[in-house]
$ cat model_33.txt   # compact mmCIF, C-alpha atoms
# COMPACT_ATOMS: atom_id res chain seq x y z
CA MET A 1 26.06 7.80 -23.40
CA ALA A 2 22.46 7.55 -22.26
CA ALA A 3 21.83 4.81 -24.79
CA SER A 4 24.09 2.36 -23.00
CA ARG A 5 22.43 2.71 -19.61
CA VAL A 6 20.73 -0.41 -18.31
CA TYR A 7 17.69 -0.88 -16.15
CA VAL A 8 18.23 -3.63 -13.58
CA TYR A 9 15.29 -5.78 -12.45
CA GLY A 10 16.96 -8.31 -10.28
CA ILE A 11 19.74 -10.81 -9.79
CA VAL A 12 19.49 -14.56 -10.32
CA HIS A 13 21.78 -17.57 -10.47
CA ALA A 14 23.83 -17.81 -13.65
CA GLY A 15 22.62 -20.28 -16.20
CA ARG A 16 18.94 -19.61 -15.77
CA ALA A 17 16.77 -19.08 -18.80
CA LEU A 18 14.47 -16.11 -18.97
CA PRO A 19 10.75 -16.66 -19.56
CA PRO A 20 10.40 -16.78 -23.36
CA ASP A 21 8.32 -13.61 -23.67
CA ALA A 22 9.91 -11.66 -20.84
CA ARG A 23 9.25 -7.94 -21.23
CA GLY A 24 10.36 -4.99 -19.19
CA VAL A 25 9.57 -1.35 -18.63
CA GLY A 26 8.84 1.15 -21.37
CA ARG A 27 6.43 1.56 -24.22
CA PRO A 28 6.75 -0.63 -26.15
CA PRO A 29 8.07 -2.91 -23.42
CA ALA A 30 11.82 -3.33 -23.64
CA PRO A 31 13.17 -6.81 -24.33
CA VAL A 32 14.81 -8.27 -21.25
CA ARG A 33 18.21 -9.93 -21.26
CA LEU A 34 20.60 -11.61 -18.88
CA LEU A 35 23.92 -10.04 -18.04
CA PRO A 36 26.16 -12.83 -16.72
CA ALA A 37 28.55 -11.99 -13.90
CA GLY A 38 30.33 -15.09 -12.62
CA ALA A 39 28.00 -17.34 -10.65
CA LEU A 40 25.24 -14.77 -10.97
CA ALA A 41 23.40 -12.91 -13.69
CA ALA A 42 21.60 -9.59 -13.67
CA VAL A 43 18.25 -9.33 -15.40
CA VAL A 44 18.35 -6.09 -17.38
CA SER A 45 16.87 -4.13 -20.25
CA ASP A 46 17.50 -0.87 -22.01
CA VAL A 47 16.24 2.25 -20.24
CA PRO A 48 13.25 4.00 -21.82
CA ASP A 49 13.89 7.67 -22.51
CA ASP A 50 11.23 8.99 -20.22
CA LEU A 51 11.19 6.38 -17.50
CA ARG A 52 8.95 7.32 -14.59
CA ALA A 53 6.98 5.48 -11.97
CA ARG A 54 3.97 4.89 -14.17
CA ARG A 55 1.48 2.18 -13.49
CA ARG A 56 2.47 0.09 -16.46
CA ASP A 57 6.16 0.34 -15.64
CA LEU A 58 5.63 -0.52 -11.99
CA MET A 59 3.55 -3.49 -13.08
CA ALA A 60 6.12 -4.54 -15.67
CA HIS A 61 8.83 -4.50 -13.02
CA GLN A 62 6.66 -6.43 -10.60
CA ASP A 63 5.36 -8.96 -13.14
CA LEU A 64 8.79 -9.83 -14.43
CA LEU A 65 10.06 -10.42 -10.90
CA MET A 66 7.02 -12.55 -10.12
CA ARG A 67 7.69 -14.74 -13.13
CA LEU A 68 11.38 -15.01 -12.37
CA GLY A 69 10.56 -16.07 -8.83
CA THR A 70 8.09 -18.79 -9.73
CA ASP A 71 10.50 -21.70 -9.73
CA ALA A 72 13.81 -20.29 -8.54
CA PRO A 73 14.92 -17.53 -6.20
CA VAL A 74 15.51 -13.97 -7.39
CA LEU A 75 16.87 -10.88 -5.68
CA PRO A 76 14.40 -8.15 -6.64
CA MET A 77 15.76 -4.66 -7.20
CA ARG A 78 13.89 -1.61 -6.09
CA PHE A 79 11.93 0.00 -8.91
CA GLY A 80 13.89 2.39 -11.07
CA MET A 81 17.46 1.28 -10.51
CA VAL A 82 19.60 2.24 -13.46
CA ALA A 83 23.28 1.65 -14.06
CA GLU A 84 25.52 3.74 -16.28
CA ASP A 85 26.43 0.77 -18.44
CA ALA A 86 26.56 -3.02 -18.50
CA ARG A 87 30.05 -3.09 -17.12
CA THR A 88 29.01 -1.21 -14.00
CA VAL A 89 26.40 -3.88 -13.37
CA GLU A 90 28.79 -6.75 -13.93
CA GLU A 91 31.36 -5.28 -11.57
CA ALA A 92 28.85 -4.45 -8.87
CA VAL A 93 27.29 -7.90 -9.00
CA ALA A 94 30.60 -9.73 -9.12
CA ALA A 95 31.94 -7.75 -6.16
CA ALA A 96 29.09 -8.92 -3.94
CA THR A 97 28.74 -12.45 -5.26
CA ALA A 98 29.16 -14.29 -1.96
CA GLY A 99 26.54 -12.19 -0.20
CA HIS A 100 24.08 -12.43 -3.07
CA LEU A 101 24.45 -16.21 -3.28
CA ALA A 102 23.76 -16.50 0.43
CA VAL A 103 20.61 -14.42 0.18
CA LEU A 104 19.42 -16.36 -2.86
CA GLU A 105 19.71 -19.55 -0.83
CA ARG A 106 17.80 -17.99 2.01
CA LEU A 107 14.99 -17.05 -0.37
CA ARG A 108 14.82 -20.41 -2.12
CA GLY A 109 11.32 -21.84 -1.94
CA ARG A 110 10.09 -18.82 -0.04
CA THR A 111 7.86 -15.90 -0.79
CA GLU A 112 6.94 -12.56 0.72
CA LEU A 113 3.51 -11.97 2.14
CA ASN A 114 2.60 -8.42 3.07
CA LEU A 115 0.09 -7.67 5.77
CA LYS A 116 -1.53 -4.30 6.21
CA ALA A 117 -3.84 -3.51 9.07
CA THR A 118 -6.20 -0.57 9.19
CA PRO A 119 -8.61 0.42 11.93
CA ALA A 120 -12.15 -0.86 11.57
CA GLN A 121 -14.36 2.21 11.31
CA SER A 122 -17.73 0.63 11.93
CA GLU A 123 -17.43 0.37 15.68
CA ILE A 124 -17.35 3.97 16.77
CA GLU A 125 -20.16 3.34 19.22
CA ALA A 126 -18.22 0.57 20.92
CA LEU A 127 -15.23 2.87 21.16
CA VAL A 128 -17.29 5.67 22.65
CA ARG A 129 -18.74 3.32 25.24
CA ALA A 130 -15.31 2.04 26.19
CA ASP A 131 -13.34 5.28 26.12
CA ALA A 132 -14.05 7.81 28.84
CA GLY A 133 -11.93 10.46 27.17
CA VAL A 134 -13.94 10.32 23.97
CA ARG A 135 -17.19 10.37 25.94
CA ARG A 136 -16.06 13.46 27.79
CA LEU A 137 -15.24 15.26 24.56
CA MET A 138 -18.58 14.19 23.15
CA THR A 139 -20.45 15.60 26.11
CA GLN A 140 -18.57 18.88 25.82
CA VAL A 141 -19.34 19.17 22.13
CA ARG A 142 -23.01 18.49 22.70
CA ARG A 143 -23.16 21.09 25.41
CA THR A 144 -21.28 23.74 23.47
CA PRO A 145 -21.08 22.76 19.81
CA SER A 146 -18.08 24.17 18.01
CA TYR A 147 -16.03 23.42 14.97
CA GLU A 148 -12.86 23.02 17.04
CA GLY A 149 -14.66 20.76 19.45
CA ASN A 150 -15.83 18.53 16.64
CA VAL A 151 -12.34 18.34 15.21
CA ARG A 152 -10.93 17.39 18.62
CA LEU A 153 -13.64 14.79 19.11
CA GLY A 154 -13.11 13.29 15.68
CA GLN A 155 -9.39 13.20 16.19
CA ALA A 156 -9.84 11.41 19.50
CA VAL A 157 -12.06 8.88 17.74
CA ALA A 158 -9.47 8.36 15.01
CA GLU A 159 -6.79 7.83 17.63
CA GLY A 160 -8.99 5.46 19.59
CA LEU A 161 -9.79 3.37 16.52
CA ALA A 162 -6.11 3.23 15.61
CA ARG A 163 -5.16 2.20 19.13
CA ARG A 164 -7.69 -0.62 19.17
CA ALA A 165 -6.47 -1.81 15.77
CA ALA A 166 -2.83 -1.67 16.88
CA GLU A 167 -3.65 -3.71 19.98
CA ALA A 168 -5.38 -6.32 17.86
CA VAL A 169 -2.37 -6.52 15.57
CA GLU A 170 0.02 -7.08 18.45
CA GLU A 171 -2.14 -10.03 19.49
CA VAL A 172 -1.87 -11.77 16.13
CA LEU A 173 1.79 -11.06 15.35
CA PRO A 174 3.28 -13.84 17.51
CA ALA A 175 1.19 -16.53 15.79
CA LEU A 176 2.10 -15.21 12.36
CA THR A 177 5.80 -14.73 12.97
CA ALA A 178 5.89 -18.30 14.28
CA LEU A 179 4.84 -19.49 10.83
CA ALA A 180 7.36 -17.27 9.05
CA ASP A 181 11.13 -17.41 8.66
CA ASP A 182 11.38 -13.68 9.08
CA PHE A 183 9.29 -10.59 9.64
CA VAL A 184 10.10 -6.96 8.96
CA ARG A 185 8.05 -3.85 9.38
CA GLY A 186 7.85 -1.89 6.16
CA PRO A 187 7.64 1.82 5.51
CA ASP A 188 4.81 3.58 7.29
CA VAL A 189 1.70 3.72 5.17
CA PRO A 190 -0.83 6.44 5.93
CA GLY A 191 -3.90 4.97 7.56
CA CYS A 192 -2.26 1.66 8.42
CA VAL A 193 -1.38 0.63 11.96
CA LEU A 194 0.76 -2.16 10.54
CA ASN A 195 2.60 -2.61 7.30
CA GLY A 196 4.68 -5.71 7.69
CA SER A 197 6.16 -8.36 5.47
CA PHE A 198 6.68 -12.02 6.26
CA LEU A 199 9.16 -14.36 4.60
CA VAL A 200 7.17 -17.56 4.32
CA PRO A 201 8.01 -20.97 2.86
CA LYS A 202 5.78 -21.41 -0.15
CA ALA A 203 4.49 -24.66 1.32
CA VAL A 204 3.26 -22.76 4.38
CA SER A 205 1.67 -19.80 2.64
CA GLU A 206 -1.83 -21.27 2.58
CA ARG A 207 -1.68 -22.04 6.25
CA PHE A 208 -0.48 -18.51 6.87
CA ARG A 209 -3.36 -17.13 4.87
CA ALA A 210 -5.81 -19.25 6.81
CA GLU A 211 -4.40 -17.99 10.10
CA VAL A 212 -4.79 -14.37 9.00
CA GLU A 213 -8.32 -15.12 7.89
CA ARG A 214 -9.21 -16.75 11.17
CA PHE A 215 -7.92 -13.82 13.17
CA ALA A 216 -9.51 -11.25 10.89
CA ALA A 217 -12.90 -12.87 11.31
CA ALA A 218 -12.50 -13.00 15.08
CA HIS A 219 -11.47 -9.35 15.41
CA ALA A 220 -13.30 -7.66 12.59
CA GLU A 221 -14.70 -5.11 15.02
CA ARG A 222 -11.26 -3.73 15.72
CA VAL A 223 -9.11 -4.18 12.66
CA GLU A 224 -9.25 -4.78 8.96
CA LEU A 225 -6.47 -6.95 7.56
CA ARG A 226 -5.23 -7.07 4.00
CA LEU A 227 -2.84 -9.81 2.99
CA THR A 228 -1.02 -9.44 -0.31
CA GLY A 229 1.13 -12.09 -1.90
CA PRO A 230 2.91 -14.06 -3.02
CA LEU A 231 5.31 -11.24 -3.79
CA PRO A 232 8.92 -10.95 -4.88
CA CYS A 233 10.94 -10.83 -1.67
CA TYR A 234 11.47 -7.07 -1.74
CA SER A 235 11.73 -6.81 2.02
CA PHE A 236 14.31 -9.56 2.50
CA VAL A 237 17.17 -8.48 0.30
CA PRO A 238 20.02 -6.09 1.10
CA GLN A 239 18.57 -2.61 1.16
CA ASP A 240 21.76 -0.59 1.00
CA GLY A 241 24.38 -2.45 -0.93
CA ALA A 242 26.02 -4.49 1.79
CA GLU A 243 23.68 -4.70 4.74
CA PRO A 244 21.15 -7.51 5.06
CA ALA A 245 17.50 -6.58 5.40
CA PRO A 246 17.22 -4.29 8.41
CA PRO A 247 15.69 -5.78 11.53
CA GLY A 248 12.14 -4.87 12.39
CA ARG A 249 11.83 -1.39 13.72
CA PRO A 250 8.90 -0.05 15.63
CA SER A 251 6.39 1.39 13.24
CA ALA A 252 4.33 4.44 13.96
CA GLN A 253 1.51 2.69 15.69
CA TYR A 254 -1.03 5.38 15.17
CA ALA A 255 -0.31 6.39 11.64
CA VAL A 256 -3.95 7.13 11.02
CA THR A 257 -3.71 10.21 13.13
CA GLY A 258 -0.95 11.32 10.83
CA SER A 259 1.72 13.86 11.25
CA MET B 1 -0.26 -12.05 -6.51
CA THR B 2 -3.54 -11.47 -4.79
CA THR B 3 -4.80 -9.15 -2.13
CA THR B 4 -7.34 -10.49 0.26
CA THR B 5 -9.42 -8.26 2.43
CA TYR B 6 -10.98 -9.99 5.36
CA ASN B 7 -13.47 -7.42 6.39
CA GLU B 8 -15.71 -6.79 3.45
CA ALA B 9 -18.17 -4.85 5.54
CA VAL B 10 -15.81 -1.96 5.94
CA ALA B 11 -13.77 -1.71 2.80
CA CYS B 12 -11.89 1.50 3.35
CA VAL B 13 -9.47 1.55 0.46
CA PRO B 14 -10.46 0.44 -3.00
CA ARG B 15 -8.22 -2.19 -4.52
CA ALA B 16 -8.97 -3.00 -8.09
CA GLY B 17 -5.48 -3.97 -8.94
CA THR B 18 -3.11 -4.95 -6.27
CA LEU B 19 -0.62 -2.24 -7.05
CA TYR B 20 -1.91 0.14 -4.43
CA ASP B 21 -1.18 -2.32 -1.67
CA VAL B 22 2.37 -3.01 -2.78
CA LEU B 23 3.35 0.40 -4.10
CA GLU B 24 5.57 1.18 -1.15
CA LEU B 25 7.28 -2.18 -1.43
CA ILE B 26 8.12 -1.73 -5.10
CA LEU B 27 9.28 1.82 -4.50
CA ASP B 28 10.87 1.68 -1.06
CA ARG B 29 12.03 -1.92 -0.65
CA GLY B 30 13.95 -4.18 -2.93
CA MET B 31 17.66 -4.26 -3.44
CA VAL B 32 19.71 -1.14 -3.88
CA ILE B 33 23.23 -1.12 -5.22
CA ASP B 34 25.17 1.97 -4.36
CA VAL B 35 26.69 2.63 -7.75
CA PHE B 36 23.31 2.56 -9.47
CA VAL B 37 21.24 5.68 -9.88
CA ARG B 38 17.52 5.93 -9.54
CA VAL B 39 14.93 7.42 -11.84
CA SER B 40 13.05 10.42 -10.55
CA LEU B 41 10.02 9.52 -8.50
CA VAL B 42 8.82 13.04 -7.91
CA GLY B 43 5.22 12.32 -8.80
CA ILE B 44 5.03 9.39 -6.43
CA GLU B 45 6.25 11.43 -3.50
CA ILE B 46 3.49 13.90 -4.18
CA LEU B 47 0.96 11.10 -4.15
CA LYS B 48 2.10 9.95 -0.77
CA ILE B 49 1.75 13.43 0.65
CA ASP B 50 -1.74 13.74 -0.75
CA ALA B 51 -2.77 10.43 0.74
CA ARG B 52 -1.50 11.43 4.15
CA ILE B 53 -3.36 14.70 4.12
CA VAL B 54 -6.66 13.04 3.44
CA VAL B 55 -6.38 10.17 5.87
CA ALA B 56 -5.56 12.40 8.80
CA SER B 57 -7.74 15.20 7.54
CA VAL B 58 -10.07 17.47 9.35
CA ASP B 59 -12.73 16.17 7.01
CA THR B 60 -12.32 12.67 8.40
CA TYR B 61 -12.38 13.97 11.96
CA LEU B 62 -15.59 15.85 11.32
CA ARG B 63 -17.22 12.70 9.94
CA PHE B 64 -16.26 10.80 13.05
CA ALA B 65 -17.58 13.60 15.23
CA GLU B 66 -20.82 13.57 13.31
CA VAL B 67 -21.24 9.86 13.95
CA CYS B 68 -20.57 10.48 17.64
CA ASN B 69 -23.04 13.28 17.82
CA ARG B 70 -25.73 11.05 16.42
CA LEU B 71 -25.09 8.29 18.90
CA ASP B 72 -27.67 7.84 21.61
CA LEU B 73 -25.82 6.18 24.43
CA ASN B 74 -28.92 5.95 26.58
CA GLN B 75 -30.54 3.73 24.04
CA ASP B 76 -30.17 0.00 24.40
CA ALA B 77 -26.96 -0.78 22.59
CA THR B 78 -28.53 -3.74 20.84
CA SER B 79 -31.46 -1.84 19.49
CA ARG B 80 -29.53 -0.08 16.85
CA THR B 81 -26.35 -1.30 15.33
CA VAL B 82 -23.70 0.98 14.07
CA PRO B 83 -23.90 -0.29 10.49
CA GLU B 84 -27.57 0.70 10.52
CA LEU B 85 -26.54 4.04 11.82
CA PHE B 86 -24.09 4.45 9.00
CA SER B 87 -26.56 3.55 6.32
CA GLY B 88 -29.31 5.59 7.91
CA MET B 89 -27.08 8.60 7.84
CA ALA B 90 -26.14 8.28 4.23
CA SER B 91 -28.18 11.22 3.08
CA GLY B 92 -27.21 13.34 6.04
CA LEU B 93 -23.58 12.69 5.41
CA SER B 94 -24.06 13.74 1.85
CA ARG B 95 -21.29 12.32 -0.27
CA THR B 96 -18.54 12.14 2.19
CA GLY B 97 -18.91 9.55 4.89
CA ALA B 98 -15.85 8.54 6.78
CA LYS B 99 -15.65 5.47 4.66
CA ARG B 100 -15.73 7.57 1.56
CA ALA B 101 -13.16 9.97 2.77
CA ALA B 102 -10.91 6.99 3.17
CA LYS B 103 -12.02 5.63 -0.15
CA SER B 104 -11.04 8.77 -1.92
CA VAL B 105 -7.53 8.39 -0.62
CA GLY B 106 -7.09 5.16 -2.46
CA GLY B 107 -9.01 6.54 -5.36
CA LYS B 108 -6.71 9.47 -5.65
CA VAL B 109 -3.59 7.41 -5.55
CA LYS B 110 -5.07 4.80 -7.79
CA GLU B 111 -6.25 7.28 -10.30
CA ALA B 112 -3.03 9.20 -10.40
CA ILE B 113 -0.90 6.15 -10.96
CA GLY B 114 -3.55 4.74 -13.20
CA VAL B 115 -4.31 1.55 -11.31
CA ALA B 116 -7.97 1.77 -12.13
CA GLY B 117 -7.95 1.40 -15.84
CA GLU B 118 -7.06 -2.04 -17.05
CA ASP B 119 -8.86 -1.40 -20.30
CA GLU B 120 -7.92 2.15 -20.91
CA ASP B 121 -5.66 3.39 -23.58
CA GLU B 122 -2.34 3.20 -21.89
CA ASP B 123 -0.62 5.82 -23.95
CA GLU B 124 -3.25 8.39 -23.37
CA ARG B 125 -3.37 7.39 -19.77
CA ALA B 126 0.32 7.81 -19.32
CA GLU B 127 0.33 11.26 -20.81
CA GLU B 128 -2.62 12.31 -18.75
CA GLU B 129 -0.98 10.91 -15.69
CA ARG B 130 2.27 12.68 -16.33
CA ASP B 131 0.51 15.95 -16.92
CA ARG B 132 -1.40 15.47 -13.74
CA LEU B 133 1.68 14.76 -11.71
CA GLU B 134 3.53 17.73 -13.08
CA GLU B 135 0.58 19.96 -12.64
CA THR B 136 0.09 18.73 -9.13
CA GLU B 137 3.64 19.53 -8.32
CA ASP B 138 3.22 23.18 -9.25
CA ARG B 139 -0.12 23.71 -7.67
CA PRO B 140 -0.38 25.26 -4.24
CA ARG B 141 -0.60 22.70 -1.48
CA LYS B 142 -3.93 23.93 -0.25
CA ARG B 143 -5.68 23.32 -3.51
CA ARG B 144 -4.25 19.84 -3.75
CA THR B 145 -5.65 19.07 -0.38
CA ALA B 146 -9.07 20.25 -1.34
CA GLU B 147 -9.02 18.29 -4.51
CA ALA B 148 -7.82 15.16 -2.82
CA ALA B 149 -10.48 15.51 -0.15
CA SER B 150 -13.20 15.87 -2.71
CA GLY B 151 -12.20 12.52 -4.06
CA SER B 152 -11.62 11.08 -7.42
CA ARG B 153 -15.13 10.37 -8.52
CA GLY B 154 -15.32 13.34 -10.79
CA SER B 155 -12.76 12.21 -13.28
CA GLY B 156 -10.92 9.21 -14.52
CA GLY B 157 -12.19 5.95 -15.85
CA SER B 158 -14.48 3.45 -14.31
CA GLY B 159 -12.12 0.99 -12.76
CA GLY B 160 -13.08 -2.41 -11.54
CA GLY B 161 -12.43 -1.50 -7.94
CA ARG B 162 -14.75 1.40 -8.02
CA SER B 163 -17.71 -0.48 -9.24
CA ARG B 164 -18.29 -2.06 -5.89
CA GLY B 165 -17.98 1.27 -4.15
CA ASP B 166 -20.34 2.80 -6.65
CA SER B 167 -22.93 0.15 -6.14
CA ARG B 168 -22.60 0.55 -2.42
CA ARG B 169 -23.10 4.23 -2.85
CA SER B 170 -26.26 3.78 -4.79
CA GLU B 171 -27.58 1.35 -2.24
CA GLU B 172 -27.11 3.91 0.44
CA ALA B 173 -28.58 6.76 -1.52
$ encode --input "model_33.txt" --output "structure tokens"
Amino acid sequence: MAASRVYVYGIVHAGRALPPDARGVGRPPAPVRLLPAGALAAVVSDVPDDLRARRRDLMAHQDLLMRLGTDAPVLPMRFGMVAEDARTVEEAVAAATAGHLAVLERLRGRTELNLKATPAQSEIEALVRADAGVRRLMTQVRRTPSYEGNVRLGQAVAEGLARRAAEAVEEVLPALTALADDFVRGPDVPGCVLNGSFLVPKAVSERFRAEVERFAAAHAERVELRLTGPLPCYSFVPQDGAEPAPPGRPSAQYAVTGS
Amino acid sequence: MTTTTYNEAVACVPRAGTLYDVLELILDRGMVIDVFVRVSLVGIEILKIDARIVVASVDTYLRFAEVCNRLDLNQDATSRTVPELFSGMASGLSRTGAKRAAKSVGGKVKEAIGVAGEDEDEDERAEEERDRLEETEDRPRKRRTAEAASGSRGSGGSGGGRSRGDSRRSEEA
């Protein structure tokens, strides 16, 4: 029955037209179709035999959702969601219609902007001057050089850089969240002290970008900021069937030191 | 979709495409419906582990320590800026400055998921990529670490994002 499985990209209002040349995952790209379910419709395609998280498939998923979200809201699915058959999709979508409609309204005219912050690595000297602990380790290593000592020193530097970056991020967050309708911290990303997504009205996104830019320029010695978007609103849709997007949870502030 | 980096002086992760920066959103966020199943993402999990190992690696720590050990705190702080220090050390640091260690993280991920090659033959790429992922999975962890740490410069195509890094490298050399 594998042939009848369907790959689900997202959920939209019923009655929408797909972009004329909409293509999905697979090689060659699978044609995309709408699967109506009451007031809603699922955007689906056949499932390629050997579907994996390849670059082209990730991009196909992402690109289709971007296009769907250009002029009307869409609930983006996580990559790789496959249903046994069309009927499973229809039933699942129909059963949650009220919730989905509410979220679609919440996302109307809005977009996701993702902000990642990594420690600036060019200011080790400033860190050393400011951090007595690092200076102490440095003195020890110079007096009695050792591999372990160097590792400890380097680790202390990495932690110090991450701490400075995390402090900088906490300073900018209030101004950014004030411009956004919502903010959630995303999955920890190695090396990042912040991975967060903002739900921003499209009309405000340029102002948001300018604010990030202003702060980044002012604090370049502590933190490097990367803003990505507009994006499908991955972070602002139900993550586990019924629940709304989870509230922000504390991220690992010093991810760069790793675990 | 665009990714904007606001601190060009210290680019620490290459971003040719924008996939690297949103990978975790596409894979870990987005709507889930309980009755749906999910395709296997084994290879991606491996990538994440590799990235973590490199970022928090001993190699990175040793680079930082080396920078520290070259600092002269008695010198007037304004007489020598850290960027100068970095570039002056390029030969001493050989091929693996802290920046590069970080770079190779992105490079590794990018290469393995094939972000780099807009122009490459996708079919070939996909096969290569799948082989790599499966191979990676079977290989002992230690060797993966070493390979990840040594970076991605040895293989793969010449992606757009690497060209800037490459030119930077040659400037420093």
$ closest_residue --input "model_33.txt" --among "A:Thr111, A:Ser122, A:Ser4, A:Thr144" --to "chain B" --atoms "only C-alpha atoms"
A:Ser122
$ residues_around --input "model_33.txt" --residues "Arg29 (chain B)" --least-positions-apart "5" --cutoff "6 Å" --atoms "only C-alpha atoms" --output "MDAnalysis selection string"
chainID A and resid 78 234:235
$ residues_near_point --input "model_33.txt" --point "(19.5, 0.6, -6.2)" --cutoff "12 Å" --atoms "only C-alpha atoms" --output "PyMOL selection string"
(chain A and resi 7-11+75-83+89+92-93+234+237-242) or (chain B and resi 26-39)
$ atom_distance --input "model_33.txt" --atom1 "CA of Asp63 (chain A)" --atom2 "CA of Val25 (chain A)"
10.3 Å
$ closest_residue --input "model_33.txt" --among "A:Glu112, A:Glu148, A:Glu91, A:Glu159" --to "Asp181 (chain A)" --atoms "only C-alpha atoms"
A:Glu112
$ axis_aligned_box --input "model_33.txt" --around "region 156-170 of chain A" --padding-each-side "3 Å" --output "lines of an AutoDock Vina configuration file"
center_x = -6.0
center_y = 2.2
center_z = 17.5
size_x = 18.1
size_y = 24.5
size_z = 11.0
$ atom_distance --input "model_33.txt" --atom1 "CA of Ala86 (chain A)" --atom2 "CA of Leu40 (chain A)"
14.0 Å
$ closest_residue --input "model_33.txt" --among "A:Pro232, A:Gly24, A:Gly69, A:Gly160" --to "Ala130 (chain A)" --atoms "only C-alpha atoms"
A:Gly160
$ atom_distance --input "model_33.txt" --atom1 "CA of Phe64 (chain B)" --atom2 "CA of Val193 (chain A)"
18.1 Å
$ residues_around --input "model_33.txt" --residues "Arg16 (chain A)" --least-positions-apart "6" --cutoff "10 Å" --atoms "only C-alpha atoms" --output "list of chain:residue names"
A:Leu34, A:Pro36, A:Leu40, A:Ala41, A:Leu68, A:Ala72
$ closest_residue --input "model_33.txt" --among "A:Thr88, A:Gln155, A:Ser197, A:Thr70" --to "Val58 (chain B)" --atoms "all atoms listed in the file"
A:Gln155
$ closest_residue --input "model_33.txt" --among "A:Val212, A:Ala220, A:Ala166, A:Met59" --to "Glu123 (chain A)" --atoms "all atoms listed in the file"
A:Ala220
$ residues_near_point --input "model_33.txt" --point "(-13.5, 16.9, 16.8)" --cutoff "10 Å" --atoms "only C-alpha atoms" --output "PDB file with C-alpha atoms, in the frame of the given file"
ATOM      1  CA  VAL A 134     -13.940  10.320  23.970  1.00  0.00           C
ATOM      2  CA  LEU A 137     -15.240  15.260  24.560  1.00  0.00           C
ATOM      3  CA  MET A 138     -18.580  14.190  23.150  1.00  0.00           C
ATOM      4  CA  VAL A 141     -19.340  19.170  22.130  1.00  0.00           C
ATOM      5  CA  SER A 146     -18.080  24.170  18.010  1.00  0.00           C
ATOM      6  CA  TYR A 147     -16.030  23.420  14.970  1.00  0.00           C
ATOM      7  CA  GLU A 148     -12.860  23.020  17.040  1.00  0.00           C
ATOM      8  CA  GLY A 149     -14.660  20.760  19.450  1.00  0.00           C
ATOM      9  CA  ASN A 150     -15.830  18.530  16.640  1.00  0.00           C
ATOM     10  CA  VAL A 151     -12.340  18.340  15.210  1.00  0.00           C
ATOM     11  CA  ARG A 152     -10.930  17.390  18.620  1.00  0.00           C
ATOM     12  CA  LEU A 153     -13.640  14.790  19.110  1.00  0.00           C
ATOM     13  CA  GLY A 154     -13.110  13.290  15.680  1.00  0.00           C
ATOM     14  CA  GLN A 155      -9.390  13.200  16.190  1.00  0.00           C
ATOM     15  CA  ALA A 156      -9.840  11.410  19.500  1.00  0.00           C
ATOM     16  CA  VAL A 157     -12.060   8.880  17.740  1.00  0.00           C
ATOM     17  CA  ALA A 158      -9.470   8.360  15.010  1.00  0.00           C
TER      18      ALA A 158
ATOM     19  CA  VAL B  58     -10.070  17.470   9.350  1.00  0.00           C
ATOM     20  CA  ASP B  59     -12.730  16.170   7.010  1.00  0.00           C
ATOM     21  CA  THR B  60     -12.320  12.670   8.400  1.00  0.00           C
ATOM     22  CA  TYR B  61     -12.380  13.970  11.960  1.00  0.00           C
ATOM     23  CA  LEU B  62     -15.590  15.850  11.320  1.00  0.00           C
ATOM     24  CA  ARG B  63     -17.220  12.700   9.940  1.00  0.00           C
ATOM     25  CA  PHE B  64     -16.260  10.800  13.050  1.00  0.00           C
ATOM     26  CA  ALA B  65     -17.580  13.600  15.230  1.00  0.00           C
ATOM     27  CA  GLU B  66     -20.820  13.570  13.310  1.00  0.00           C
ATOM     28  CA  CYS B  68     -20.570  10.480  17.640  1.00  0.00           C
TER      29      CYS B  68
END
$ closest_residue --input "model_33.txt" --among "A:Pro48, A:Gly109, A:Pro145, A:Pro190" --to "chain B" --atoms "all atoms listed in the file"
A:Pro190
